[in-house]
>>> print(open('input_37.cif').read())   # mmCIF, C-alpha atoms
data_protein
#
loop_
_atom_site.label_atom_id
_atom_site.label_comp_id
_atom_site.auth_asym_id
_atom_site.auth_seq_id
_atom_site.Cartn_x
_atom_site.Cartn_y
_atom_site.Cartn_z
CA MET Q 1 81.49 109.62 71.02
CA ASP Q 2 81.38 108.03 67.58
CA GLU Q 3 78.24 106.19 68.68
CA ILE Q 4 76.48 109.41 69.67
CA VAL Q 5 77.44 111.01 66.38
CA LYS Q 6 76.17 108.05 64.36
CA LYS Q 7 72.89 108.07 66.28
CA ARG Q 8 72.43 111.77 65.53
CA ILE Q 9 73.21 111.20 61.86
CA LYS Q 10 70.60 108.46 61.65
CA GLN Q 11 68.05 110.83 63.20
CA LEU Q 12 69.05 113.50 60.73
CA LEU Q 13 68.58 111.08 57.82
CA LYS Q 14 65.05 110.43 59.10
CA GLY Q 15 64.35 114.14 58.80
CA ASP Q 16 65.10 115.38 62.33
CA LYS Q 17 66.93 118.60 61.52
CA SER Q 18 67.57 119.54 65.14
CA SER Q 19 69.91 116.59 65.69
CA PHE Q 20 72.38 118.37 63.40
CA ALA Q 21 72.85 121.12 66.01
CA GLU Q 22 74.42 118.56 68.32
CA ILE Q 23 76.81 117.41 65.62
CA VAL Q 24 77.87 121.03 65.02
CA GLU Q 25 78.35 121.51 68.75
CA ILE Q 26 80.67 118.47 68.94
CA TYR Q 27 82.91 119.40 66.00
CA LYS Q 28 82.74 123.20 65.76
CA ASP Q 29 86.03 123.89 67.58
CA ARG Q 30 88.07 121.41 65.57
CA VAL Q 31 86.63 122.52 62.24
CA TYR Q 32 87.08 126.17 63.14
CA GLN Q 33 90.65 125.46 64.21
CA ILE Q 34 91.52 123.83 60.87
CA CYS Q 35 90.06 126.81 58.98
CA TYR Q 36 91.76 129.35 61.22
CA ARG Q 37 95.20 127.74 60.93
CA MET Q 38 94.78 127.31 57.19
CA LEU Q 39 93.47 130.80 56.46
CA GLY Q 40 94.83 132.87 59.35
CA ASN Q 41 91.88 135.24 59.42
CA PRO Q 42 89.08 134.92 62.00
CA GLN Q 43 86.28 136.21 59.75
CA GLU Q 44 87.25 134.00 56.84
CA ALA Q 45 87.82 131.03 59.12
CA GLU Q 46 84.32 131.40 60.58
CA GLU Q 47 82.77 131.78 57.15
CA MET Q 48 84.52 128.65 55.82
CA ALA Q 49 83.82 126.59 58.94
CA GLN Q 50 80.10 127.44 58.70
CA GLU Q 51 80.12 126.63 55.00
CA ALA Q 52 81.73 123.26 55.77
CA PHE Q 53 78.87 122.37 58.13
CA VAL Q 54 76.22 123.55 55.69
CA ARG Q 55 77.76 121.37 52.97
CA ALA Q 56 77.96 118.41 55.32
CA TYR Q 57 74.23 118.88 56.05
CA ILE Q 58 73.27 119.08 52.38
CA ASN Q 59 75.38 116.06 51.42
CA ILE Q 60 74.73 113.95 54.50
CA SER Q 61 73.17 111.20 52.39
CA SER Q 62 76.55 110.63 50.69
CA TYR Q 63 78.26 109.99 54.05
CA LYS Q 64 78.80 106.27 54.65
CA LEU Q 65 78.00 105.28 58.22
CA ASP Q 66 80.81 102.74 58.41
CA ARG Q 67 83.43 105.47 57.94
CA LYS Q 68 84.67 107.90 60.54
CA PHE Q 69 82.48 111.02 60.49
CA SER Q 70 85.28 113.39 61.53
CA THR Q 71 87.43 112.29 58.56
CA TRP Q 72 84.57 113.02 56.18
CA LEU Q 73 83.79 116.38 57.79
CA PHE Q 74 87.44 117.52 57.96
CA ARG Q 75 87.81 116.62 54.32
CA ILE Q 76 85.01 119.01 53.39
CA ALA Q 77 86.53 121.76 55.55
CA THR Q 78 90.08 121.24 54.26
CA ASN Q 79 88.98 121.24 50.63
CA LEU Q 80 87.02 124.47 51.14
CA CYS Q 81 90.06 126.14 52.72
CA ILE Q 82 92.43 124.95 49.99
CA ASP Q 83 90.04 126.28 47.34
CA ARG Q 84 89.85 129.59 49.17
CA ILE Q 85 93.65 129.86 49.47
CA ARG Q 86 94.05 129.19 45.75
CA LYS Q 87 91.52 131.87 44.86
CA LYS Q 88 92.53 134.68 47.16
CA LYS Q 89 95.40 137.12 47.00
CA PRO Q 90 98.31 136.26 49.28
CA ASP Q 91 98.26 139.63 51.11
CA PHE Q 92 95.09 138.82 53.01
CA TYR Q 93 96.77 137.21 56.01
CA LEU Q 94 96.41 137.80 59.70
CA ASP Q 95 99.67 139.74 59.88
CA ALA Q 96 98.40 142.12 57.22
CA GLU Q 97 98.05 145.54 58.77
CA VAL Q 98 94.53 146.63 59.53
CA SER Q 99 93.81 149.57 57.27
CA GLY Q 100 93.86 152.98 58.98
CA THR Q 101 95.98 151.78 61.89
CA ASP Q 102 99.68 152.09 62.41
CA GLY Q 103 101.38 148.72 62.46
CA LEU Q 104 98.45 147.12 64.21
CA THR Q 105 97.57 143.54 63.35
CA LEU Q 106 94.35 141.76 64.20
CA TYR Q 107 96.20 139.91 66.92
CA SER Q 108 97.33 143.05 68.68
CA GLN Q 109 93.85 144.47 68.26
CA VAL Q 110 92.41 141.52 70.10
CA ALA Q 111 94.95 141.89 72.87
CA ALA Q 112 94.73 145.68 73.18
CA ASN Q 113 91.74 145.87 75.51
CA VAL Q 114 92.94 143.41 78.09
CA GLN Q 115 95.74 143.99 80.56
CA LEU Q 116 97.96 140.95 80.44
CA PRO Q 117 100.94 139.94 82.54
CA GLU Q 118 104.37 140.11 80.91
CA GLU Q 119 104.80 136.40 80.23
CA GLU Q 120 101.29 136.20 78.82
CA ILE Q 121 102.18 138.88 76.31
CA GLU Q 122 105.40 137.09 75.43
CA HIS Q 123 103.47 133.89 75.00
CA MET Q 124 100.98 135.61 72.70
CA GLU Q 125 103.77 137.11 70.64
CA LEU Q 126 105.33 133.68 70.27
CA GLN Q 127 101.99 132.23 69.19
CA GLU Q 128 101.66 135.03 66.68
CA THR Q 129 105.08 134.28 65.19
CA ILE Q 130 104.37 130.58 64.91
CA GLN Q 131 101.00 131.20 63.27
CA LYS Q 132 102.65 133.58 60.81
CA GLU Q 133 105.24 130.98 59.88
CA ILE Q 134 102.60 128.29 59.42
CA LEU Q 135 100.74 130.66 57.10
CA LYS Q 136 103.88 131.27 55.05
CA LEU Q 137 104.11 127.58 54.20
CA PRO Q 138 102.85 126.64 50.73
CA GLU Q 139 99.28 125.34 51.02
CA LYS Q 140 100.23 121.68 50.38
CA TYR Q 141 102.65 121.65 53.33
CA ARG Q 142 100.42 123.82 55.50
CA SER Q 143 97.46 121.42 55.30
CA VAL Q 144 99.47 118.36 56.38
CA ILE Q 145 101.21 120.23 59.22
CA VAL Q 146 97.89 121.59 60.53
CA LEU Q 147 96.22 118.17 60.41
CA LYS Q 148 99.19 116.39 61.91
CA TYR Q 149 100.30 118.73 64.69
CA ILE Q 150 97.29 120.88 65.50
CA GLU Q 151 94.52 118.35 64.99
CA GLU Q 152 96.84 115.47 65.95
CA LEU Q 153 95.53 113.09 63.33
CA SER Q 154 97.24 109.90 62.14
CA LEU Q 155 99.00 109.70 58.78
CA LYS Q 156 96.26 107.34 57.59
CA GLU Q 157 93.51 109.81 58.47
CA ILE Q 158 95.40 112.64 56.82
CA SER Q 159 95.82 110.58 53.68
CA GLU Q 160 92.04 109.95 53.62
CA ILE Q 161 91.18 113.58 54.29
CA LEU Q 162 93.45 114.90 51.54
CA ASP Q 163 92.88 111.95 49.24
CA LEU Q 164 96.64 111.40 48.86
CA PRO Q 165 98.78 108.28 49.21
CA ILE Q 166 100.42 107.90 52.63
CA GLY Q 167 103.85 108.19 50.99
CA THR Q 168 102.97 111.64 49.64
CA VAL Q 169 101.61 112.74 53.01
CA LYS Q 170 104.89 111.68 54.66
CA THR Q 171 107.03 113.52 52.13
CA ARG Q 172 104.98 116.67 52.60
CA ILE Q 173 105.18 116.46 56.37
CA HIS Q 174 108.96 116.04 56.14
CA ARG Q 175 109.32 119.06 53.87
CA GLY Q 176 106.93 121.14 55.91
CA ARG Q 177 108.81 120.31 59.08
CA GLU Q 178 112.12 121.24 57.48
CA ALA Q 179 110.71 124.53 56.22
CA LEU Q 180 109.36 125.40 59.66
CA ARG Q 181 112.62 124.39 61.32
CA GLU Q 182 114.49 126.86 59.12
CA ARG Q 183 112.15 129.66 60.16
CA LEU Q 184 111.67 128.88 63.84
CA ARG Q 185 115.23 127.88 64.80
CA HIS Q 186 116.17 131.41 65.81
CA LEU Q 187 113.41 131.60 68.44
CA MET W 188 126.58 122.08 56.05
CA ASN W 189 127.56 118.52 56.77
CA LYS W 190 128.91 115.50 55.01
CA CYS W 191 126.65 113.13 56.85
CA PRO W 192 124.88 110.35 54.94
CA ASP W 193 121.62 111.55 53.31
CA GLU W 194 119.52 108.93 55.02
CA ILE W 195 120.24 110.38 58.47
CA ILE W 196 117.81 113.28 57.92
CA GLU W 197 115.33 110.75 56.48
CA TYR W 198 115.73 108.67 59.64
CA MET W 199 115.04 111.71 61.79
CA HIS W 200 111.73 112.33 60.05
CA ASN W 201 110.75 108.69 60.13
CA TYR W 202 111.56 108.66 63.81
CA LEU W 203 109.25 111.64 64.33
CA ASP W 204 106.52 109.80 62.43
CA ASP W 205 107.00 106.66 64.57
CA ASP W 206 108.04 104.89 61.44
CA LEU W 207 111.62 103.73 62.08
CA SER W 208 112.88 100.19 62.52
CA THR W 209 114.98 99.34 65.57
CA GLU W 210 118.00 98.84 63.40
CA GLU W 211 117.60 102.25 61.76
CA GLU W 212 116.99 103.88 65.11
CA HIS W 213 120.24 102.38 66.32
CA LYS W 214 122.10 103.84 63.35
CA LEU W 215 120.53 107.24 63.96
CA ARG W 216 121.47 107.27 67.64
CA SER W 217 125.07 106.27 67.07
CA HIS W 218 125.40 108.93 64.38
CA LEU W 219 123.91 111.63 66.58
CA GLN W 220 126.45 110.86 69.29
CA LYS W 221 129.30 111.54 66.89
CA CYS W 222 127.85 114.44 64.91
CA GLU W 223 127.22 117.84 66.51
CA ASN W 224 125.49 119.27 63.42
CA CYS W 225 122.98 116.48 63.13
CA ARG W 226 122.29 116.59 66.84
CA GLU W 227 121.46 120.27 66.47
CA HIS W 228 119.28 119.60 63.43
CA PHE W 229 117.36 116.88 65.25
CA HIS W 230 116.90 119.09 68.28
CA GLU W 231 115.56 121.93 66.12
CA LEU W 232 113.07 119.64 64.46
CA LYS W 233 111.72 118.44 67.78
CA ARG W 234 111.55 121.98 69.08
CA THR W 235 109.67 123.09 65.95
CA ILE W 236 107.05 120.43 66.55
CA ALA W 237 106.69 121.45 70.18
CA LEU W 238 106.26 125.08 69.15
CA VAL W 239 103.62 124.26 66.56
CA GLN W 240 101.76 122.08 69.03
CA SER W 241 101.92 124.79 71.66
CA THR W 242 99.74 127.17 69.63
CA SER W 243 96.91 127.32 72.08
CA HIS W 244 93.78 125.59 71.05
CA ILE W 245 91.31 128.12 69.89
CA HIS W 246 87.54 127.89 70.05
CA ALA W 247 84.85 128.62 67.53
CA PRO W 248 83.15 132.01 68.02
CA VAL W 249 80.05 132.21 70.23
CA HIS W 250 76.71 131.53 68.52
CA PHE W 251 78.57 129.51 65.90
CA THR W 252 76.04 126.66 66.05
CA ASP W 253 73.06 129.04 65.81
CA ALA W 254 74.64 130.71 62.80
CA VAL W 255 75.10 127.36 61.08
CA MET W 256 71.56 126.23 61.86
CA SER W 257 70.10 129.43 60.44
CA LYS W 258 72.09 128.95 57.23
CA LEU W 259 70.81 125.45 56.56
CA PRO W 260 68.54 125.22 53.53
CA LYS W 261 64.89 124.50 54.20
CA GLN W 262 64.03 120.87 53.67
CA SER W 263 62.51 120.58 50.26
CA LYS W 264 58.73 120.13 50.14
CA ARG W 265 59.16 116.87 48.28
CA ILE W 266 61.30 115.34 51.01
CA GLN W 267 58.95 116.64 53.71
CA ILE W 268 55.97 115.00 52.03
CA LYS W 269 57.93 111.81 51.48
CA SER W 270 58.92 111.56 55.12
CA TRP W 271 55.34 112.32 56.20
CA PHE W 272 54.10 109.40 54.15
CA ARG W 273 56.84 107.19 55.52
CA ASN W 274 55.88 108.10 59.07
CA HIS W 275 52.11 107.75 58.64
CA PRO W 276 51.49 104.64 56.53
CA PHE W 277 47.86 104.13 57.60
CA LEU W 278 46.80 107.71 57.07
CA SER W 279 48.52 107.66 53.69
CA ALA W 280 46.66 104.52 52.66
CA ALA W 281 43.34 105.95 53.86
CA SER W 282 43.84 109.30 52.12
CA LEU W 283 44.90 107.58 48.92
CA PHE W 284 41.71 105.49 49.08
CA ILE W 285 39.53 108.58 49.63
CA ILE W 286 41.21 110.44 46.78
CA LEU W 287 40.64 107.55 44.39
CA MET W 288 37.00 107.18 45.49
CA LEU W 289 36.29 110.88 45.12
CA GLY W 290 37.99 110.87 41.76
CA SER W 291 35.86 108.08 40.35
CA ILE W 292 32.61 109.50 41.71
CA ILE W 293 33.32 113.02 40.52
CA SER W 294 34.37 111.83 37.11
CA SER W 295 31.18 109.81 36.79
CA TRP W 296 29.24 112.95 37.78
CA ASN W 297 30.95 114.93 35.07
CA LYS W 298 30.68 112.26 32.42
CA GLU W 299 26.96 111.76 32.84
CA ASN W 300 25.67 115.01 31.56
CA ASP W 301 23.39 113.29 29.11
CA PHE W 302 19.75 112.66 29.75
CA SER W 303 19.13 109.13 30.94
CA VAL W 304 16.27 107.18 32.49
CA THR W 305 16.04 103.73 34.00
CA MET W 306 14.01 102.14 31.30
CA HIS W 307 10.86 100.29 32.13
CA PRO W 308 8.23 99.28 29.63
CA GLY W 309 5.62 101.97 29.38
CA ILE W 310 7.80 105.02 30.01
CA ILE W 311 7.52 107.59 27.24
CA ILE W 312 10.37 110.02 26.48
CA GLU W 313 9.52 113.51 25.22
CA ASN W 314 12.60 115.72 24.70
CA ASP W 315 14.22 115.70 28.14
CA THR W 316 11.16 114.61 30.03
CA ALA W 317 10.23 111.06 30.94
CA ILE W 318 6.51 110.51 31.17
CA ILE W 319 4.79 107.74 33.02
CA PRO W 320 1.32 107.87 31.41
CA GLU W 321 -1.93 107.46 33.26
CA GLY W 322 -2.80 103.84 33.93
CA THR W 323 0.80 102.59 33.66
CA VAL W 324 2.22 100.80 36.66
CA ILE W 325 6.02 100.58 36.96
CA ASP W 326 7.43 97.94 39.29
CA GLY W 327 10.86 99.07 40.45
CA ASP W 328 12.92 102.21 41.07
CA VAL W 329 13.17 104.98 38.49
CA VAL W 330 16.23 107.23 38.23
CA VAL W 331 16.21 110.21 35.87
CA LYS W 332 19.47 112.04 35.18
CA ASN W 333 19.68 115.52 33.62
CA GLY W 334 16.02 115.57 32.83
CA ASN W 335 12.52 115.83 34.27
CA ILE W 336 9.89 113.27 35.05
CA ARG W 337 6.14 113.57 34.93
CA ILE W 338 4.28 110.92 36.84
CA GLU W 339 0.68 110.39 35.88
CA GLY W 340 0.59 106.66 36.55
CA LYS W 341 1.92 104.61 39.45
CA VAL W 342 5.45 103.70 40.52
CA ASN W 343 5.94 100.82 42.94
CA GLY W 344 9.37 101.95 44.09
CA ASP W 345 11.61 105.02 44.58
CA VAL W 346 11.81 107.91 42.15
CA THR W 347 15.05 109.88 42.00
CA THR W 348 15.74 112.88 39.80
CA ILE W 349 19.27 114.13 39.36
CA ASN W 350 19.65 117.64 37.94
CA GLY W 351 16.02 117.74 37.03
CA GLU W 352 12.53 118.23 38.33
CA LYS W 353 9.61 115.96 38.93
CA TYR W 354 5.94 116.68 38.38
CA LEU W 355 3.58 114.51 40.23
CA ALA W 356 0.18 114.67 38.65
CA SER W 357 -2.82 114.43 40.97
CA ALA W 358 -3.58 110.99 39.65
CA GLY W 359 0.08 109.86 39.93
CA GLU W 360 1.30 107.74 42.77
CA VAL W 361 4.71 106.76 44.08
CA THR W 362 4.86 104.09 46.76
CA GLY W 363 8.55 104.60 47.61
CA ASN W 364 10.61 107.74 48.30
CA ILE W 365 10.94 110.69 45.98
CA ASN W 366 14.41 112.19 45.86
CA GLU W 367 15.77 115.19 44.06
CA VAL W 368 19.51 115.52 43.74
CA ASN W 369 20.90 118.78 42.44
CA GLU W 370 24.30 119.35 44.00
CA ILE W 371 27.43 117.34 43.77
CA PHE W 372 27.45 116.68 47.49
CA GLU W 373 23.92 115.42 47.39
CA TRP W 374 24.99 113.25 44.49
CA LEU W 375 27.82 111.91 46.67
CA TRP W 376 25.51 111.34 49.57
CA PHE W 377 23.06 109.58 47.32
CA HIS W 378 25.87 107.32 46.10
CA ILE W 379 26.96 106.48 49.62
CA LYS W 380 23.39 105.77 50.73
CA ASP W 381 22.91 103.61 47.69
CA LEU W 382 26.11 101.74 48.48
CA TRP W 383 25.00 101.30 52.07
CA LYS W 384 21.59 100.01 51.03
CA GLY W 385 23.39 97.53 48.78
CA VAL W 386 25.54 96.40 51.65
CA VAL W 387 22.54 96.03 53.93
CA LYS W 388 20.68 94.04 51.28
CA LEU W 389 23.73 91.83 50.92
CA PHE W 390 23.59 90.91 54.59
CA LYS W 391 19.83 90.40 54.74
#
>>> encode(input="input_37.cif", output="C-alpha cells")
Amino acid sequence: MDEIVKKRIKQLLKGDKSSFAEIVEIYKDRVYQICYRMLGNPQEAEEMAQEAFVRAYINISSYKLDRKFSTWLFRIATNLCIDRIRKKKPDFYLDAEVSGTDGLTLYSQVAANVQLPEEEIEHMELQETIQKEILKLPEKYRSVIVLKYIEELSLKEISEILDLPIGTVKTRIHRGREALRERLRHL
Amino acid sequence: MNKCPDEIIEYMHNYLDDDLSTEEEHKLRSHLQKCENCREHFHELKRTIALVQSTSHIHAPVHFTDAVMSKLPKQSKRIQIKSWFRNHPFLSAASLFIILMLGSIISSWNKENDFSVTMHPGIIIENDTAIIPEGTVIDGDVVVKNGNIRIEGKVNGDVTTINGEKYLASAGEVTGNINEVNEIFEWLWFHIKDLWKGVVKLFK
C-alpha cells in the first residue's frame, strides 16, 4: 500500500490533482477516527479531518518520500485536534446535552431512529461510556491512548507523530492507562 | 492500597508495552501469584485496554472525499504555467523564439520613425521626399522609410516605400518590383520575404 501511496504522491507533485482523491480515500477513515476520538463531536471531527487533508495537500512538497506518509498525515491531524482542544471550551463534548431536548445526547439521537436488539443497545451504551471516559482524559494522555489503542500504532510512530521522546510517550501511556483503569473498573 | 514494591506497577505497564525483560517478567509473575491486589490491578489494566480497543471502528461520513476535493485551493497560475513549460519543452522553446523575433522586429518598426533612404549617388532629398531626377540611373534597390519618393529617372532594381507614397513620373522607370508597405503586418511580411530572399541567395 505504501508503494501505491508514494506513486500517487509523485503524480500529485507533477501537478495531477486528481491523484489526491485516492490518497484521501485510503486514509479518510483513520484520520476521521483520530479526530472523532480526540474531539468527541462528529461535526467537529469531520471539519478537522477535512482540514488535515487540505493542509497535507497544500504542504505536500514538504513531505519527504523516504518517510512513512501515514505518520506525516496523522501528525497534521493530531496537531490540529490538539490546537482545537486547547482553544475550545470544555463543555462542547459529545455527552453534552443537545439544546432543546431532554437528556438526549448526540449518541442517543443517532440511535433513536433504528430499532436495535437488546444486546446491541447495551453494546452501544458501553461504547458511549468508554468514549466519554477517553474524552475526560487530559489532552496529552488522550492523544497517546487514541494513537496506541485505537489506531494501533507503535511507540516509535507515536513519538514521531507527537514529536516527543519515546520515554515521554511511554510515561503518558502509563498514566493514561491508569486513569482509564480507575474510571472503567466498575464496568 | 498495597505495600508492594513500586516497580511492580512499572513492570505491568512495561509488560503491556512489550518492553519487559525475561527476568523482570519472572519477578512480576511470581509477585502476582502471591498478591491478590496486584493481580486485580493487572487484570483491570488489561480489561481497560480491551474495552478501549473494542470501541467499534467508525467510518468517515459519506462524500468525505468529495468535500475535501472541493475545498482544495486552486493551483496557482504560476505553478500551472511552470508545469506546462516543463511538460512541453519544444513548444516552449518555439514560442520563446517567436516572442523574441516579434519583439525585435516590432521594436525596430517603432524605432525607425525617422525618414531614411538607401543612399545612392544622384538621389536628391527635399523635405521628406527622395527625388530621383530625370536622366539619373540608380543601380540597386531603393528603400524609403517614412517618406515619399518621386521617380523621374531610372532604377535598375526594386523600389520599396514604407509608410510613404511613390510617384512614378511618366519618364521614370523601375526595372524591379515596386512595393508599398503601410501596415505592421506588411512590414513583417516584407521582413520575412527579405530574409527568405537572403537565404535563397545564400544557397545559389
>>> closest_residue(input="input_37.cif", among="Q:Lys7, Q:Lys136, Q:His123, Q:Lys64", to="chain W", atoms="only C-alpha atoms")
Q:His123
>>> resolve_selection(input="input_37.cif", expression="the PyMOL selection byres ((chain Q) within 9 of (chain W))", output="MDAnalysis selection string")
chainID Q and resid 14:15 17:18 20:22 24:25 28:33 36 42 46 49:51 53:55 57:58 126:128 130:131 134 145:146 149:150 152 155 170 173:174 177:178 180:182 184:185
>>> resolve_selection(input="input_37.cif", expression="the PyMOL selection byres ((chain Q and resi 135) around 9)", output="list in words")
Arg37, Met38, Leu39, Gly40, Tyr93, Leu94, Ile130, Gln131, Lys132, Glu133, Ile134, Lys136, Leu137, Pro138, Glu139 and Arg142 of chain Q
>>> write_last_selection(input="input_37.cif", atoms="C-alpha atoms", output="PDB file, keeping the file's coordinate frame")
ATOM      1  CA  ARG Q  37      95.200 127.740  60.930  1.00  0.00           C
ATOM      2  CA  MET Q  38      94.780 127.310  57.190  1.00  0.00           C
ATOM      3  CA  LEU Q  39      93.470 130.800  56.460  1.00  0.00           C
ATOM      4  CA  GLY Q  40      94.830 132.870  59.350  1.00  0.00           C
ATOM      5  CA  TYR Q  93      96.770 137.210  56.010  1.00  0.00           C
ATOM      6  CA  LEU Q  94      96.410 137.800  59.700  1.00  0.00           C
ATOM      7  CA  ILE Q 130     104.370 130.580  64.910  1.00  0.00           C
ATOM      8  CA  GLN Q 131     101.000 131.200  63.270  1.00  0.00           C
ATOM      9  CA  LYS Q 132     102.650 133.580  60.810  1.00  0.00           C
ATOM     10  CA  GLU Q 133     105.240 130.980  59.880  1.00  0.00           C
ATOM     11  CA  ILE Q 134     102.600 128.290  59.420  1.00  0.00           C
ATOM     12  CA  LYS Q 136     103.880 131.270  55.050  1.00  0.00           C
ATOM     13  CA  LEU Q 137     104.110 127.580  54.200  1.00  0.00           C
ATOM     14  CA  PRO Q 138     102.850 126.640  50.730  1.00  0.00           C
ATOM     15  CA  GLU Q 139      99.280 125.340  51.020  1.00  0.00           C
ATOM     16  CA  ARG Q 142     100.420 123.820  55.500  1.00  0.00           C
TER      17      ARG Q 142
END
>>> atom_distance(input="input_37.cif", atom1="atom CA of Ile166 of chain Q", atom2="atom CA of Asp205 of chain W")
13.7 Å
>>> resolve_selection(input="input_37.cif", expression="the PyMOL selection byres ((chain Q and resi 69) around 12)", output="PyMOL selection string")
chain Q and resi 1-9+23-24+26-27+56+60+62-68+70-76+157+160-161
>>> write_last_selection(input="input_37.cif", atoms="C-alpha atoms", output="PDB file, keeping the file's coordinate frame")
ATOM      1  CA  MET Q   1      81.490 109.620  71.020  1.00  0.00           C
ATOM      2  CA  ASP Q   2      81.380 108.030  67.580  1.00  0.00           C
ATOM      3  CA  GLU Q   3      78.240 106.190  68.680  1.00  0.00           C
ATOM      4  CA  ILE Q   4      76.480 109.410  69.670  1.00  0.00           C
ATOM      5  CA  VAL Q   5      77.440 111.010  66.380  1.00  0.00           C
ATOM      6  CA  LYS Q   6      76.170 108.050  64.360  1.00  0.00           C
ATOM      7  CA  LYS Q   7      72.890 108.070  66.280  1.00  0.00           C
ATOM      8  CA  ARG Q   8      72.430 111.770  65.530  1.00  0.00           C
ATOM      9  CA  ILE Q   9      73.210 111.200  61.860  1.00  0.00           C
ATOM     10  CA  ILE Q  23      76.810 117.410  65.620  1.00  0.00           C
ATOM     11  CA  VAL Q  24      77.870 121.030  65.020  1.00  0.00           C
ATOM     12  CA  ILE Q  26      80.670 118.470  68.940  1.00  0.00           C
ATOM     13  CA  TYR Q  27      82.910 119.400  66.000  1.00  0.00           C
ATOM     14  CA  ALA Q  56      77.960 118.410  55.320  1.00  0.00           C
ATOM     15  CA  ILE Q  60      74.730 113.950  54.500  1.00  0.00           C
ATOM     16  CA  SER Q  62      76.550 110.630  50.690  1.00  0.00           C
ATOM     17  CA  TYR Q  63      78.260 109.990  54.050  1.00  0.00           C
ATOM     18  CA  LYS Q  64      78.800 106.270  54.650  1.00  0.00           C
ATOM     19  CA  LEU Q  65      78.000 105.280  58.220  1.00  0.00           C
ATOM     20  CA  ASP Q  66      80.810 102.740  58.410  1.00  0.00           C
ATOM     21  CA  ARG Q  67      83.430 105.470  57.940  1.00  0.00           C
ATOM     22  CA  LYS Q  68      84.670 107.900  60.540  1.00  0.00           C
ATOM     23  CA  SER Q  70      85.280 113.390  61.530  1.00  0.00           C
ATOM     24  CA  THR Q  71      87.430 112.290  58.560  1.00  0.00           C
ATOM     25  CA  TRP Q  72      84.570 113.020  56.180  1.00  0.00           C
ATOM     26  CA  LEU Q  73      83.790 116.380  57.790  1.00  0.00           C
ATOM     27  CA  PHE Q  74      87.440 117.520  57.960  1.00  0.00           C
ATOM     28  CA  ARG Q  75      87.810 116.620  54.320  1.00  0.00           C
ATOM     29  CA  ILE Q  76      85.010 119.010  53.390  1.00  0.00           C
ATOM     30  CA  GLU Q 157      93.510 109.810  58.470  1.00  0.00           C
ATOM     31  CA  GLU Q 160      92.040 109.950  53.620  1.00  0.00           C
ATOM     32  CA  ILE Q 161      91.180 113.580  54.290  1.00  0.00           C
TER      33      ILE Q 161
END
>>> residues_near_point(input="input_37.cif", point="(10.7, 108.5, 36.8)", cutoff="12 Å", atoms="all atoms listed in the file", output="NGL selection string")
:W and (303-312 or 315-320 or 323-349 or 351-355 or 359-361 or 363-367)
>>> closest_residue(input="input_37.cif", among="Q:Gln11, Q:Asn41, Q:Thr129, Q:Ser159", to="Leu147 of chain Q", atoms="only C-alpha atoms")
Q:Ser159
>>> residues_around(input="input_37.cif", residues="Tyr198 of chain W", least_positions_apart="3", cutoff="8 Å", atoms="only C-alpha atoms", output="ChimeraX atom specification")
/W:194-195,201-202,207,211-212,215
>>> write_last_selection(input="input_37.cif", atoms="C-alpha atoms", output="PDB file, in the frame of the given file")
ATOM      1  CA  GLU W 194     119.520 108.930  55.020  1.00  0.00           C
ATOM      2  CA  ILE W 195     120.240 110.380  58.470  1.00  0.00           C
ATOM      3  CA  ASN W 201     110.750 108.690  60.130  1.00  0.00           C
ATOM      4  CA  TYR W 202     111.560 108.660  63.810  1.00  0.00           C
ATOM      5  CA  LEU W 207     111.620 103.730  62.080  1.00  0.00           C
ATOM      6  CA  GLU W 211     117.600 102.250  61.760  1.00  0.00           C
ATOM      7  CA  GLU W 212     116.990 103.880  65.110  1.00  0.00           C
ATOM      8  CA  LEU W 215     120.530 107.240  63.960  1.00  0.00           C
TER       9      LEU W 215
END
>>> atom_distance(input="input_37.cif", atom1="atom CA of Glu44 of chain Q", atom2="atom CA of Ser143 of chain Q")
16.3 Å
>>> build_atoms(input="input_37.cif", residues="segment 68-78 of chain Q", atoms="N, CA and C atoms", output="JSON list (two decimals), keeping the file's coordinate frame")
[["chain", "number", "residue", "atom", "x", "y", "z"],
["Q", 68, "LYS", "N", 84.60, 106.96, 59.42],
["Q", 68, "LYS", "CA", 84.67, 107.90, 60.54],
["Q", 68, "LYS", "C", 84.08, 109.24, 60.09],
["Q", 69, "PHE", "N", 83.16, 109.77, 60.89],
["Q", 69, "PHE", "CA", 82.48, 111.02, 60.49],
["Q", 69, "PHE", "C", 83.46, 112.19, 60.45],
["Q", 70, "SER", "N", 84.37, 112.24, 61.46],
["Q", 70, "SER", "CA", 85.28, 113.39, 61.53],
["Q", 70, "SER", "C", 86.17, 113.46, 60.28],
["Q", 71, "THR", "N", 86.60, 112.30, 59.76],
["Q", 71, "THR", "CA", 87.43, 112.29, 58.56],
["Q", 71, "THR", "C", 86.67, 112.91, 57.39],
["Q", 72, "TRP", "N", 85.41, 112.51, 57.28],
["Q", 72, "TRP", "CA", 84.57, 113.02, 56.18],
["Q", 72, "TRP", "C", 84.35, 114.52, 56.31],
["Q", 73, "LEU", "N", 84.06, 114.96, 57.54],
["Q", 73, "LEU", "CA", 83.79, 116.38, 57.79],
["Q", 73, "LEU", "C", 85.05, 117.23, 57.58],
["Q", 74, "PHE", "N", 86.19, 116.76, 58.09],
["Q", 74, "PHE", "CA", 87.44, 117.52, 57.96],
["Q", 74, "PHE", "C", 87.86, 117.62, 56.50],
["Q", 75, "ARG", "N", 87.48, 116.59, 55.74],
["Q", 75, "ARG", "CA", 87.81, 116.62, 54.32],
["Q", 75, "ARG", "C", 87.07, 117.75, 53.62],
["Q", 76, "ILE", "N", 85.79, 117.90, 53.97],
["Q", 76, "ILE", "CA", 85.01, 119.01, 53.39],
["Q", 76, "ILE", "C", 85.65, 120.34, 53.77],
["Q", 77, "ALA", "N", 85.98, 120.49, 55.06],
["Q", 77, "ALA", "CA", 86.53, 121.76, 55.55],
["Q", 77, "ALA", "C", 87.88, 122.06, 54.89],
["Q", 78, "THR", "N", 88.76, 121.03, 54.83],
["Q", 78, "THR", "CA", 90.08, 121.24, 54.26],
["Q", 78, "THR", "C", 90.00, 121.63, 52.78]]
